[in-house]
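Heads up, the thing below is written out as structure tokens.
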Amino acid sequence: MVRYAGLDDFELLKKWDKHIDEKELQNSIIQKHVLICSEEKRFIGWLRYNLFWDQIPFMNMLFICEESRRKNKGSEILDFWEKEMVSQNYEWVLTSTRSDEQGQFFYRKKGYSDCGCLTLPNEPLEILLMKKL
């Protein structure tokens with residue numbers, strides 16, 4: 001099951017999502033920019049996004065717990081998010097992944113295309129990907 005996170009999910013998400021400041025995480029939850037995937041009340045993962053240039057949904061984080069990977073849970077939450085973005089009249093979505101991570105293959109399989117990259121000091125290449133909805 002995929003649903004929007006509520007403030008009652010804050011403590012749970014705070015334990016898992018170490019890539020965002022607590023105040024910003026709260027703001028993301030309030031703005032309905034965080035989705036949670038669960039199964040029989042068991043937390044499986046989450047998706048967090050924001051708006052690139054204040055107008056294009058950019059998925060900042062998609063994480064599925066290790067024991068739930070390769071069971072289509074990533075596809076489930078991604079598909080839900082994409083449908084939500086269509087319902088909000090967005091035409092494109094963006095995301096990124098490091099070149100040393102397997103995520104790039106998942107996103108390409110889901111219809112995302114490379115559209116650029118970033119090179120940050122002491123980090124692997126960051127691949128930018130886009131998809132027309």
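We name chains A, B, ... following the order of the structure tokens; residues begin at 1 in each chain, and ligands are numbered from 1 as shown.
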
Give me, as a VMD selection string, the residues of chain A that a backbone DSSP run labels strand (DSSP E or B). chain A and resid 2 to 4 34 to 39 42 to 52 56 to 64 92 to 98 113 to 118 126 to 132

Which of these residues is nearest to Ser96 in chain A, using only C-alpha atoms: A:Asp114, A:Asp9, A:Asp54, A:Asp79? A:Asp114

Would you kindly return, as a ChimeraX atom specification, each protein, DNA or RNA residue with an atom no farther than 8 Å from any atom of Gly45 in chain A, considering only C-alpha atoms and excluding same-chain residues fewer than 6 positions away? /A:36-38,62-65

DSSP alpha helix (DSSP H) selection over chain A, as a PyMOL selection string: chain A and resi 10-16+22-30+73-87+103-109

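Across the model, the gap from CA of Arg69 in chain A to CA of Ile20 in chain A is 22.6 Å.
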
Could you name the residues that touch Glu101 in chain A at 12 Å or less, counting only C-alpha atoms, but leaving out those on the same chain fewer than 6 positions away, as a PDB file with C-alpha atoms, in the first residue's frame?
```pdb
ATOM      1  CA  TYR A 107      14.903   4.135 -13.637  1.00  0.00           C
ATOM      2  CA  PRO A 124      30.884   9.701  -8.151  1.00  0.00           C
ATOM      3  CA  LEU A 125      29.137  11.186 -11.171  1.00  0.00           C
ATOM      4  CA  GLU A 126      25.471  12.066 -10.438  1.00  0.00           C
ATOM      5  CA  ILE A 127      23.265  11.043 -13.376  1.00  0.00           C
TER       6      ILE A 127
END
```

List the spatial neighbours of Phe106 in chain A as a PyMOL selection string - criterion: any atom at most 10 Å away, only C-alpha atoms, same-chain residues fewer than 4 positions off excluded. chain A and resi 74-75+102+110-112

Mind writing the picked residues with N, CA and C atoms as a PDB file, in the first residue's frame?
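Ended up saving to out05.pdb:
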```pdb
ATOM      1  N   GLY A  74       9.517  -0.897  -5.211  1.00  0.00           N
ATOM      2  CA  GLY A  74      10.012   0.351  -5.788  1.00  0.00           C
ATOM      3  C   GLY A  74       9.131   0.795  -6.943  1.00  0.00           C
ATOM      4  N   SER A  75       8.750  -0.158  -7.793  1.00  0.00           N
ATOM      5  CA  SER A  75       7.848   0.153  -8.907  1.00  0.00           C
ATOM      6  C   SER A  75       6.491   0.615  -8.398  1.00  0.00           C
ATOM      7  N   GLN A 102      22.897   1.035  -8.415  1.00  0.00           N
ATOM      8  CA  GLN A 102      22.070   0.254  -9.333  1.00  0.00           C
ATOM      9  C   GLN A 102      20.797   0.980  -9.747  1.00  0.00           C
ATOM     10  N   LYS A 110      12.149   1.820 -16.121  1.00  0.00           N
ATOM     11  CA  LYS A 110      10.836   2.441 -15.872  1.00  0.00           C
ATOM     12  C   LYS A 110      10.556   3.599 -16.830  1.00  0.00           C
ATOM     13  N   GLY A 111      11.398   3.779 -17.860  1.00  0.00           N
ATOM     14  CA  GLY A 111      11.123   4.768 -18.890  1.00  0.00           C
ATOM     15  C   GLY A 111      11.845   6.098 -18.732  1.00  0.00           C
ATOM     16  N   TYR A 112      12.735   6.202 -17.784  1.00  0.00           N
ATOM     17  CA  TYR A 112      13.506   7.437 -17.587  1.00  0.00           C
ATOM     18  C   TYR A 112      14.689   7.445 -18.551  1.00  0.00           C
TER      19      TYR A 112
END
```

So that I can see what lies close to Asp8 in chain A, please list as a VMD selection string the residues with an atom at most 12 Å from it, counting only C-alpha atoms and leaving out residues fewer than 2 positions away in the same chain. chain A and resid 4 to 6 10 to 14 26 29 to 30 36

Take the residues from that selection and put them in a file with N, CA and C atoms, as a short mmCIF file (atom, residue, chain, number, x, y, z; two decimals), in the first residue's frame.
```cif
data_model
loop_
_atom_site.label_atom_id
_atom_site.label_comp_id
_atom_site.auth_asym_id
_atom_site.auth_seq_id
_atom_site.Cartn_x
_atom_site.Cartn_y
_atom_site.Cartn_z
N TYR A 4 0.26 8.95 1.34
CA TYR A 4 1.01 10.13 1.74
C TYR A 4 1.38 10.02 3.22
N ALA A 5 2.58 10.46 3.55
CA ALA A 5 3.01 10.48 4.95
C ALA A 5 2.25 11.58 5.68
N GLY A 6 2.00 11.34 6.96
CA GLY A 6 1.41 12.35 7.84
C GLY A 6 2.41 12.68 8.92
N PHE A 10 6.44 11.15 11.21
CA PHE A 10 7.69 11.91 11.29
C PHE A 10 8.80 11.16 12.01
N GLU A 11 8.52 10.61 13.18
CA GLU A 11 9.55 9.92 13.96
C GLU A 11 10.12 8.72 13.21
N LEU A 12 9.26 7.98 12.57
CA LEU A 12 9.70 6.83 11.77
C LEU A 12 10.60 7.30 10.63
N LEU A 13 10.16 8.29 9.88
CA LEU A 13 10.93 8.78 8.74
C LEU A 13 12.25 9.39 9.19
N LYS A 14 12.24 10.07 10.32
CA LYS A 14 13.45 10.70 10.84
C LYS A 14 14.53 9.66 11.12
N GLN A 26 9.81 17.74 8.08
CA GLN A 26 8.45 18.12 8.52
C GLN A 26 7.74 18.93 7.44
N ILE A 29 6.60 16.72 4.63
CA ILE A 29 5.41 15.95 5.01
C ILE A 29 4.17 16.83 4.92
N ILE A 30 4.26 18.04 5.45
CA ILE A 30 3.13 18.97 5.43
C ILE A 30 2.73 19.31 3.99
N ILE A 36 4.75 6.96 1.62
CA ILE A 36 5.20 5.80 2.38
C ILE A 36 4.62 4.54 1.75
#
```

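For the choices A:Leu120, A:Met130, A:Met85, A:Val34, the atom-to-atom distance to Asp17 in chain A is smallest for A:Val34 when using only C-alpha atoms.
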
I'd like the neighbourhood of Arg48 in chain A as a list in words, where a residue qualifies if any of its atoms comes within 8 Å (using only C-alpha atoms), though same-chain residues fewer than 4 positions away should be ignored. Ser28, His33, Val34, Leu35, Met59, Asn60, Met61 and Leu62 of chain A

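CA of Arg42 in chain A is found 26.3 Å from CA of Thr97 in chain A.
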